[in-house]
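Here is the file work-v4.txt (compact mmCIF, C-alpha atoms and all ligand atoms).
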# COMPACT_ATOMS: atom_id res chain seq x y z
CA MET R 3 15.10 97.73 39.06
CA THR R 4 13.45 99.76 36.27
CA GLN R 5 9.73 98.98 36.01
CA PRO R 6 9.18 96.93 32.80
CA LYS R 7 7.16 98.42 29.95
CA ARG R 8 4.24 96.27 28.81
CA VAL R 9 3.75 95.81 25.06
CA ALA R 10 0.64 94.10 23.66
CA ILE R 11 0.96 92.47 20.25
CA THR R 12 -2.01 91.02 18.36
CA GLY R 13 -1.61 88.32 15.72
CA ALA R 14 1.48 87.23 17.64
CA ALA R 15 1.75 83.81 15.99
CA GLY R 16 1.70 85.31 12.48
CA GLN R 17 4.42 86.04 9.93
CA ILE R 18 5.24 89.64 10.87
CA CYS R 19 5.41 88.86 14.57
CA TYR R 20 7.84 86.02 14.06
CA SER R 21 10.31 88.64 12.82
CA MET R 22 9.29 91.28 15.35
CA LEU R 23 8.87 89.79 18.83
CA PHE R 24 12.50 88.76 19.23
CA ARG R 25 13.71 92.26 18.39
CA ILE R 26 11.31 93.89 20.87
CA ALA R 27 12.50 91.44 23.51
CA ALA R 28 16.10 92.39 22.66
CA GLY R 29 15.35 96.07 23.39
CA ASP R 30 14.90 97.46 19.87
CA ILE R 31 11.84 99.59 20.75
CA TYR R 32 12.51 100.85 24.27
CA GLY R 33 16.30 100.77 24.19
CA PRO R 34 19.00 98.75 25.91
CA ASN R 35 18.17 99.74 29.52
CA GLN R 36 14.44 99.15 29.62
CA PRO R 37 12.96 95.73 30.50
CA VAL R 38 9.76 94.71 28.68
CA ILE R 39 6.85 92.34 29.27
CA LEU R 40 5.20 91.03 26.10
CA HIS R 41 1.42 90.47 26.09
CA LEU R 42 0.83 88.17 23.11
CA LEU R 43 -2.72 87.85 21.73
CA GLU R 44 -3.96 85.26 19.27
CA ILE R 45 -7.26 83.72 18.25
CA THR R 46 -7.93 80.46 20.13
CA PRO R 47 -6.98 78.05 17.28
CA ALA R 48 -3.53 79.65 17.04
CA LEU R 49 -2.70 79.37 20.76
CA GLY R 50 -0.67 76.17 20.26
CA LEU R 51 1.53 77.88 17.72
CA LEU R 52 1.82 80.90 20.00
CA GLU R 53 3.03 78.64 22.83
CA ALA R 54 5.82 77.52 20.49
CA VAL R 55 6.77 81.16 19.87
CA LYS R 56 6.89 81.69 23.64
CA MET R 57 9.16 78.64 24.00
CA GLU R 58 11.58 80.21 21.52
CA LEU R 59 11.43 83.57 23.28
CA ASP R 60 12.25 81.79 26.56
CA ASP R 61 15.10 79.94 24.89
CA CYS R 62 16.75 83.21 23.86
CA ALA R 63 17.19 84.18 27.54
CA PHE R 64 16.87 87.86 26.63
CA PRO R 65 18.14 89.89 29.60
CA LEU R 66 15.47 92.58 29.02
CA LEU R 67 12.50 90.20 28.70
CA ALA R 68 10.87 90.21 32.14
CA ASP R 69 7.80 88.09 31.26
CA VAL R 70 5.63 86.83 28.39
CA VAL R 71 1.85 86.64 28.69
CA VAL R 72 0.15 84.32 26.15
CA THR R 73 -3.60 84.71 25.80
CA ASP R 74 -6.67 84.57 23.57
CA ASP R 75 -8.47 87.10 25.77
CA PRO R 76 -8.12 90.69 24.49
CA LYS R 77 -8.97 92.03 27.97
CA VAL R 78 -5.89 90.29 29.37
CA ALA R 79 -3.70 91.28 26.43
CA LEU R 80 -4.61 94.99 26.41
CA ASN R 81 -4.94 95.55 30.16
CA GLY R 82 -2.88 98.59 31.22
CA VAL R 83 -0.24 98.19 28.51
CA ASP R 84 2.15 101.02 27.61
CA ALA R 85 2.06 100.18 23.89
CA ALA R 86 -0.18 98.06 21.66
CA LEU R 87 0.80 96.82 18.21
CA PHE R 88 -2.26 95.71 16.27
CA VAL R 89 -0.88 93.29 13.71
CA GLY R 90 -3.51 90.51 13.82
CA ALA R 91 -5.63 90.67 10.65
CA LYS R 92 -5.93 88.90 7.29
CA PRO R 93 -3.20 89.68 4.74
CA ARG R 94 -4.08 90.19 1.06
CA GLY R 95 -3.09 87.77 -1.66
CA PRO R 96 -2.03 88.34 -5.29
CA GLY R 97 -4.43 90.52 -7.29
CA MET R 98 -6.12 92.06 -4.24
CA GLU R 99 -5.97 95.67 -3.01
CA ARG R 100 -5.50 96.29 0.72
CA SER R 101 -8.94 97.95 0.81
CA ASP R 102 -10.48 94.58 -0.23
CA LEU R 103 -9.68 93.49 3.36
CA ILE R 104 -11.93 96.10 4.99
CA THR R 105 -14.97 93.88 5.41
CA ASP R 106 -13.09 91.05 7.13
CA ASN R 107 -10.57 93.12 9.06
CA GLY R 108 -12.57 96.25 10.00
CA LYS R 109 -14.64 94.40 12.56
CA ILE R 110 -11.49 93.13 14.34
CA PHE R 111 -10.56 96.76 15.01
CA SER R 112 -13.99 97.87 16.24
CA ALA R 113 -14.03 94.93 18.69
CA LEU R 114 -10.45 95.43 19.91
CA GLY R 115 -10.96 99.22 20.10
CA ALA R 116 -13.89 98.67 22.47
CA VAL R 117 -11.74 96.40 24.68
CA LEU R 118 -8.84 98.86 24.65
CA ASN R 119 -11.31 101.55 25.66
CA GLU R 120 -12.37 99.46 28.66
CA VAL R 121 -9.03 98.15 29.95
CA GLY R 122 -6.36 100.27 28.23
CA SER R 123 -4.24 102.99 29.75
CA PRO R 124 -5.35 106.39 28.32
CA GLU R 125 -1.79 107.14 27.18
CA CYS R 126 -1.21 103.73 25.52
CA LYS R 127 0.79 104.18 22.31
CA VAL R 128 -0.98 102.35 19.46
CA CYS R 129 0.42 101.32 16.08
CA VAL R 130 -2.01 99.66 13.68
CA VAL R 131 -0.38 97.38 11.12
CA GLY R 132 -3.24 95.12 9.93
CA ASN R 133 -4.55 96.33 6.57
CA PRO R 134 -6.05 98.60 5.49
CA ALA R 135 -3.97 100.11 8.29
CA ASN R 136 -5.10 103.77 8.21
CA THR R 137 -8.80 102.97 8.18
CA ASN R 138 -8.43 100.20 10.76
CA ALA R 139 -6.72 102.75 13.02
CA PHE R 140 -9.59 105.17 12.33
CA ILE R 141 -12.09 102.47 13.37
CA LEU R 142 -10.08 101.66 16.49
CA LYS R 143 -9.88 105.36 17.44
CA ALA R 144 -13.64 105.80 17.05
CA ASN R 145 -14.27 102.82 19.33
CA ALA R 146 -11.75 103.85 21.99
CA PRO R 147 -12.66 107.40 23.06
CA ASN R 148 -10.93 106.95 26.44
CA ILE R 149 -7.55 106.61 24.74
CA ASN R 150 -5.67 109.80 23.79
CA PRO R 151 -6.54 110.03 20.06
CA ARG R 152 -3.08 111.42 19.24
CA ASN R 153 -1.68 108.08 20.34
CA ILE R 154 -3.59 106.07 17.72
CA THR R 155 -1.30 105.76 14.72
CA ALA R 156 -0.81 103.51 11.69
CA LEU R 157 2.27 102.21 9.95
CA THR R 158 3.71 104.02 6.93
CA ARG R 159 7.32 103.64 8.08
CA LEU R 160 7.72 100.63 5.81
CA ASP R 161 6.83 102.89 2.86
CA HIS R 162 9.20 105.57 4.18
CA ASN R 163 12.04 103.02 4.36
CA ARG R 164 11.19 101.69 0.89
CA ALA R 165 11.35 105.25 -0.46
CA ILE R 166 14.77 105.88 1.11
CA SER R 167 16.06 102.61 -0.30
CA GLN R 168 14.81 103.38 -3.82
CA LEU R 169 16.38 106.86 -3.76
CA ALA R 170 19.67 105.48 -2.42
CA GLY R 171 19.73 102.85 -5.18
CA LYS R 172 18.98 105.39 -7.90
CA THR R 173 21.70 107.84 -6.79
CA ASP R 174 24.30 105.33 -5.61
CA ALA R 175 24.12 106.90 -2.17
CA LEU R 176 24.22 105.35 1.27
CA VAL R 177 20.85 104.98 2.96
CA SER R 178 22.40 106.74 5.95
CA ASP R 179 23.11 109.85 3.81
CA ILE R 180 19.40 110.38 3.02
CA ASN R 181 17.29 112.62 5.25
CA ARG R 182 13.82 114.18 5.21
CA MET R 183 11.92 111.68 3.04
CA VAL R 184 8.13 112.02 3.15
CA ILE R 185 5.22 109.65 2.69
CA TRP R 186 1.89 111.49 2.54
CA GLY R 187 -1.51 109.87 2.85
CA ASN R 188 -2.82 106.33 2.92
CA HIS R 189 -0.80 103.08 3.13
CA SER R 190 -2.14 102.12 -0.30
CA THR R 191 -1.36 102.75 -3.94
CA THR R 192 -2.57 106.36 -3.52
CA GLN R 193 0.21 107.11 -1.04
CA VAL R 194 2.52 109.95 -2.07
CA PRO R 195 6.23 109.25 -1.61
CA ASP R 196 7.78 112.71 -1.95
CA ILE R 197 11.46 113.61 -2.34
CA SER R 198 10.81 117.39 -2.51
CA TYR R 199 12.56 118.11 0.82
CA ALA R 200 14.95 115.14 0.92
CA SER R 201 18.69 115.60 1.06
CA ILE R 202 21.49 113.26 0.05
CA GLY R 203 24.48 114.31 2.10
CA ASP R 204 24.73 118.06 1.51
CA LYS R 205 22.77 118.02 -1.79
CA ALA R 206 19.05 118.42 -2.44
CA ALA R 207 17.69 115.09 -3.70
CA LYS R 208 15.65 116.81 -6.42
CA ASP R 209 18.90 118.12 -7.91
CA CYS R 210 20.30 114.57 -8.09
CA VAL R 211 17.47 112.89 -10.05
CA ASP R 212 15.28 114.05 -12.91
CA SER R 213 11.74 115.09 -12.09
CA ASP R 214 10.26 112.53 -14.50
CA TRP R 215 11.89 109.71 -12.47
CA ALA R 216 10.67 111.22 -9.18
CA LEU R 217 7.07 111.41 -10.40
CA ASN R 218 6.63 108.54 -12.80
CA ASP R 219 9.02 105.87 -11.57
CA PHE R 220 9.84 106.46 -7.90
CA ILE R 221 6.26 107.15 -6.72
CA PRO R 222 4.61 104.08 -8.32
CA THR R 223 7.54 101.80 -7.45
CA VAL R 224 7.27 102.66 -3.75
CA ALA R 225 3.47 102.69 -3.75
CA LYS R 226 3.27 99.26 -5.41
CA ARG R 227 6.17 97.64 -3.57
CA GLY R 228 3.85 95.64 -1.29
CA ALA R 229 2.24 93.99 -4.32
CA ALA R 230 5.68 93.35 -5.88
CA VAL R 231 6.74 91.51 -2.71
CA ILE R 232 3.52 89.47 -2.72
CA ASN R 233 4.08 88.52 -6.37
CA ALA R 234 7.68 87.48 -5.68
CA ARG R 235 7.11 85.75 -2.35
CA GLY R 236 3.56 84.43 -2.57
CA SER R 237 2.71 86.17 0.69
CA SER R 238 2.99 89.70 1.99
CA SER R 239 6.07 91.39 3.39
CA ALA R 240 6.90 90.21 6.89
CA ALA R 241 10.48 90.93 7.99
CA SER R 242 10.51 94.41 6.42
CA ALA R 243 7.09 95.14 7.92
CA ALA R 244 8.36 94.02 11.33
CA ASN R 245 11.37 96.30 10.89
CA GLY R 246 9.04 99.19 9.98
CA VAL R 247 7.00 98.69 13.16
CA ILE R 248 10.16 98.61 15.28
CA ASP R 249 11.43 101.80 13.60
CA HIS R 250 8.03 103.52 14.03
CA MET R 251 7.86 102.74 17.76
CA ALA R 252 11.56 103.37 18.45
CA SER R 253 11.41 106.82 16.79
CA TRP R 254 8.22 107.72 18.68
CA ILE R 255 9.63 106.62 22.03
CA GLN R 256 13.31 107.44 21.68
CA GLY R 257 13.06 110.46 19.34
CA THR R 258 14.22 111.43 15.85
CA PRO R 259 17.74 112.74 15.19
CA ASP R 260 18.26 116.50 14.76
CA GLY R 261 17.74 117.54 11.15
CA ASP R 262 15.68 114.52 10.15
CA TRP R 263 12.10 113.37 10.41
CA VAL R 264 10.07 110.19 9.82
CA SER R 265 6.66 109.42 8.30
CA MET R 266 3.84 108.30 10.58
CA ALA R 267 0.13 107.94 9.86
CA VAL R 268 -1.51 109.95 12.66
CA PRO R 269 -4.85 111.69 13.21
CA SER R 270 -4.83 114.76 10.96
CA ASP R 271 -4.94 118.09 12.82
CA GLY R 272 -6.08 119.82 9.61
CA SER R 273 -2.52 120.53 8.43
CA TYR R 274 -2.18 120.87 4.64
CA GLY R 275 -6.00 121.02 4.44
CA ILE R 276 -6.37 117.30 5.24
CA GLU R 277 -9.68 116.45 6.95
CA GLU R 278 -9.24 116.55 10.71
CA GLY R 279 -9.28 113.13 12.39
CA LEU R 280 -8.45 111.05 9.29
CA ILE R 281 -5.44 108.81 9.91
CA TYR R 282 -3.08 110.32 7.33
CA SER R 283 0.67 109.95 6.89
CA PHE R 284 2.69 113.12 7.55
CA PRO R 285 6.34 113.89 8.20
CA VAL R 286 6.84 114.16 11.97
CA THR R 287 9.63 114.75 14.44
CA CYS R 288 9.57 112.89 17.75
CA LYS R 289 10.85 113.95 21.16
CA ASP R 290 10.13 112.93 24.76
CA GLY R 291 7.69 110.21 23.66
CA ASP R 292 5.55 112.55 21.55
CA TYR R 293 5.41 113.49 17.87
CA THR R 294 4.93 116.83 16.08
CA ILE R 295 3.64 117.10 12.51
CA ILE R 296 5.89 119.25 10.30
CA THR R 297 3.35 121.83 9.22
CA ASP R 298 5.22 124.42 7.17
CA LEU R 299 6.37 122.63 4.03
CA GLU R 300 5.63 124.19 0.66
CA VAL R 301 3.81 121.57 -1.41
CA SER R 302 3.89 121.66 -5.22
CA ASP R 303 0.60 121.54 -7.15
CA VAL R 304 1.31 118.10 -8.54
CA ILE R 305 2.01 116.61 -5.08
CA LYS R 306 -0.98 118.45 -3.58
CA GLU R 307 -3.28 116.88 -6.17
CA LYS R 308 -2.01 113.40 -5.23
CA MET R 309 -2.36 114.19 -1.50
CA ILE R 310 -6.00 115.10 -2.07
CA ALA R 311 -6.60 111.87 -4.03
CA SER R 312 -5.23 109.88 -1.08
CA GLN R 313 -7.49 111.84 1.28
CA THR R 314 -10.48 111.07 -0.96
CA GLU R 315 -9.65 107.35 -0.80
CA LEU R 316 -9.55 107.54 3.01
CA GLN R 317 -12.88 109.40 3.06
CA ASP R 318 -14.39 106.66 0.86
CA GLU R 319 -13.01 103.96 3.16
CA LYS R 320 -14.46 105.84 6.14
CA ASN R 321 -17.90 105.79 4.48
CA THR R 322 -17.57 102.06 3.79
CA VAL R 323 -17.00 101.34 7.49
CA ALA R 324 -19.62 103.79 8.81
CA HIS R 325 -21.45 100.88 10.48
CA LEU R 326 -18.35 100.22 12.65
CA LEU R 327 -18.10 103.82 13.89
CA PRO R 328 -20.16 104.59 17.01
CA SER R 329 -22.02 107.90 16.52
P1 LIG Y 1 -0.46 86.35 9.18
O1 LIG Y 1 -1.69 85.75 8.56
O2 LIG Y 1 0.84 85.63 9.06
O3 LIG Y 1 -0.72 86.61 10.72
C1 LIG Y 1 -1.87 87.23 11.19
C2 LIG Y 1 -2.17 86.62 12.54
O4 LIG Y 1 -3.25 87.36 13.11
C3 LIG Y 1 -2.61 85.14 12.47
O5 LIG Y 1 -1.77 84.36 13.30
C4 LIG Y 1 -4.06 85.18 12.98
O6 LIG Y 1 -4.38 84.01 13.73
C5 LIG Y 1 -4.03 86.43 13.85
N1 LIG Y 1 -5.36 87.04 14.07
C6 LIG Y 1 -6.39 87.14 13.20
N2 LIG Y 1 -7.42 87.75 13.82
C7 LIG Y 1 -7.02 88.08 15.06
C8 LIG Y 1 -7.65 88.72 16.16
N3 LIG Y 1 -8.90 89.15 16.09
N4 LIG Y 1 -6.96 88.87 17.30
C9 LIG Y 1 -5.68 88.43 17.39
N5 LIG Y 1 -5.03 87.80 16.38
C10 LIG Y 1 -5.70 87.63 15.23
O7 LIG Y 1 -0.35 87.86 8.59
P2 LIG Y 1 0.90 88.83 8.64
O8 LIG Y 1 1.75 88.59 7.43
O9 LIG Y 1 1.51 88.80 9.98
O10 LIG Y 1 0.15 90.23 8.38
C11 LIG Y 1 -0.73 90.76 9.33
C12 LIG Y 1 -1.41 92.02 8.79
O11 LIG Y 1 -0.43 93.05 8.58
C13 LIG Y 1 -2.12 91.84 7.45
O12 LIG Y 1 -3.36 92.54 7.46
C14 LIG Y 1 -1.16 92.48 6.45
O13 LIG Y 1 -1.82 92.92 5.28
C15 LIG Y 1 -0.67 93.64 7.29
N6 LIG Y 1 0.60 94.28 6.85
C16 LIG Y 1 0.66 95.64 6.98
C17 LIG Y 1 1.83 96.30 6.61
C18 LIG Y 1 1.93 97.81 6.74
O14 LIG Y 1 2.95 98.36 6.30
N7 LIG Y 1 0.96 98.51 7.32
C19 LIG Y 1 2.92 95.57 6.12
C20 LIG Y 1 2.82 94.19 6.00
C21 LIG Y 1 1.62 93.55 6.37
C1 LIG Y 2 3.01 95.96 2.40
O1 LIG Y 2 3.02 97.13 2.05
O2 LIG Y 2 3.97 95.19 2.17
C2 LIG Y 2 1.86 95.45 3.21
O3 LIG Y 2 0.85 96.41 3.35
C3 LIG Y 2 1.33 94.16 2.70
C4 LIG Y 2 0.56 94.33 1.42
O4 LIG Y 2 -0.57 93.84 1.34
O5 LIG Y 2 1.09 94.94 0.48

Take the structure in the file and write it out as structure tokens.
Amino acid sequence: MTQPKRVAITGAAGQICYSMLFRIAAGDIYGPNQPVILHLLEITPALGLLEAVKMELDDCAFPLLADVVVTDDPKVALNGVDAALFVGAKPRGPGMERSDLITDNGKIFSALGAVLNEVGSPECKVCVVGNPANTNAFILKANAPNINPRNITALTRLDHNRAISQLAGKTDALVSDINRMVIWGNHSTTQVPDISYASIGDKAAKDCVDSDWALNDFIPTVAKRGAAVINARGSSSAASAANGVIDHMASWIQGTPDGDWVSMAVPSDGSYGIEEGLIYSFPVTCKDGDYTIITDLEVSDVIKEKMIASQTELQDEKNTVAHLLPS
């Protein structure tokens, strides 16, 4: 029998995980031939609720679900896992920015980074979801030097999917006809959704919409979509976030189709002049369980200016959490 892959998930009794765990157990990350073992982590007061989630996972009798570990001990949850999805963190409410969560959430990621460093497999694939996701991933990376830094990523796939959906709606196209969307930067309102390279079927997207829409409607709509969901729902996106995490991990592990790419927030390698090491969203292709940043795109001055503003925000966030970064 194929050896199961172990996936740790923090905040496993929360909103996002209730939409996500069942899909991972059904094979949506590792594919239909790969058994998985879920390592579910919660804070102690939420363990009762997490037991209920485990009951429901059991009751689905998923053929690929080899075991479920329920724990409040991060050392048990993160021990030797193949992938770790860091969801557990406070969500924002109406009127807040994601960066307002840094003080409460940043320390979760320094503590869990130190545990991952101690018990994690060096090649563990990490996706940070808890907000502010890029800077939390940066904190985690700084506290986990034994883990391959390339493998510490944050979620901007939800933004990427939002951008595709907005462009499809505007042009009356099928989502499946749209390729090569880009999200640059931070998972925040400074993110830069960019249609410059996108295609819709055999047409260039920029020839199908006017440039005023692309700059002054599309970009802010995508960048502020999280807040729009909070205003409509009273709490932050959950099912679409779960879907974004599944897409992010499935692309990374199973690869991207020829001729397309996805957006992932990964440690910058200095491409496009972005400070090395910052967790910044780039277009990437994935193959054989690894990703490659697309490095040769020509960026217009107006997009470049926005990319730099997003970098500046990440540099400011990095300064705010300096006390959580071991020197
Ligand atoms: P939620 O409040 O429903 O669930 C969070 C869970 O995390 C809770 O059950 C809580 O007990 C648990 N938790 C808190 N601290 C923990 C710790 N130290 N270890 C383990 N578990 C812990 O929130 P949610 O709606 O699931 O959102 C979770 C996070 O994801 C929030 O920060 C939210 O802002 C963020 N988010 C990010 C994106 C993105 O695209 N990056 C999208 C949506 C939400
Ligand atoms: C989102 O983009 O939906 C999440 O980051 C939640 C939020 O706070 O907006």

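Of the listed residues (R:Ile149, R:Ala28, R:Val72, R:Ala240), R:Ala240 comes nearest to ligand LIG 1 (chain Y); the distances count only C-alpha atoms and all ligand atoms.
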
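Interatomic distance, CA of Val89 in chain R to CA of Ile110 in chain R: 10.6 Å.
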
Just need the box for range 198-217 of chain R, edges along x, y and z, holding every atom the file lists for it with 8 Å tacked onto each side, so centre and edge lengths in Å to one decimal, as lines of an AutoDock Vina configuration file.
center_x = 15.9
center_y = 114.1
center_z = -6.2
size_x = 33.7
size_y = 24.7
size_z = 32.6

Around (5.4, 99.0, 29.3) in the file's frame, which residues reach within 9 Å when counting only C-alpha atoms? Return as number ranges by chain? R: 5-10, 32, 37-40, 82-85, 126

Check the smallest atom-to-atom distance from each of R:Ile310, R:Val117, R:Ile281, R:Ile18 to ligand LIG 1 (chain Y) using all atoms listed in the file, then report the winner. R:Ile18

Nearby residues, ligand LIG 1 (chain Y), 8 Å, all atoms listed in the file, as a PyMOL selection string: chain R and resi 12-19+43-45+47-48+74+76+89-94+100+103+107+110-111+114+130-135+156-161+189+228+237-240+242-244+246-247

One decimal, in Å: what's the spacing between CA of Asn163 in chain R and CA of Glu58 in chain R? 28.5 Å

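Interatomic distance, CA of Gln256 in chain R to CA of Ile31 in chain R: 8.0 Å.
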
Polymer residues at most 8 Å from Gly279 in chain R, all atoms listed in the file, same-chain spacing of 6 or more positions, as number ranges by chain: R: 140, 269-272

Counting only C-alpha atoms and all ligand atoms, figure out which residue out of R:Gly115, R:Asp102, R:Ser273, R:Tyr20 gets nearest to ligand LIG 2 (chain Y). R:Asp102
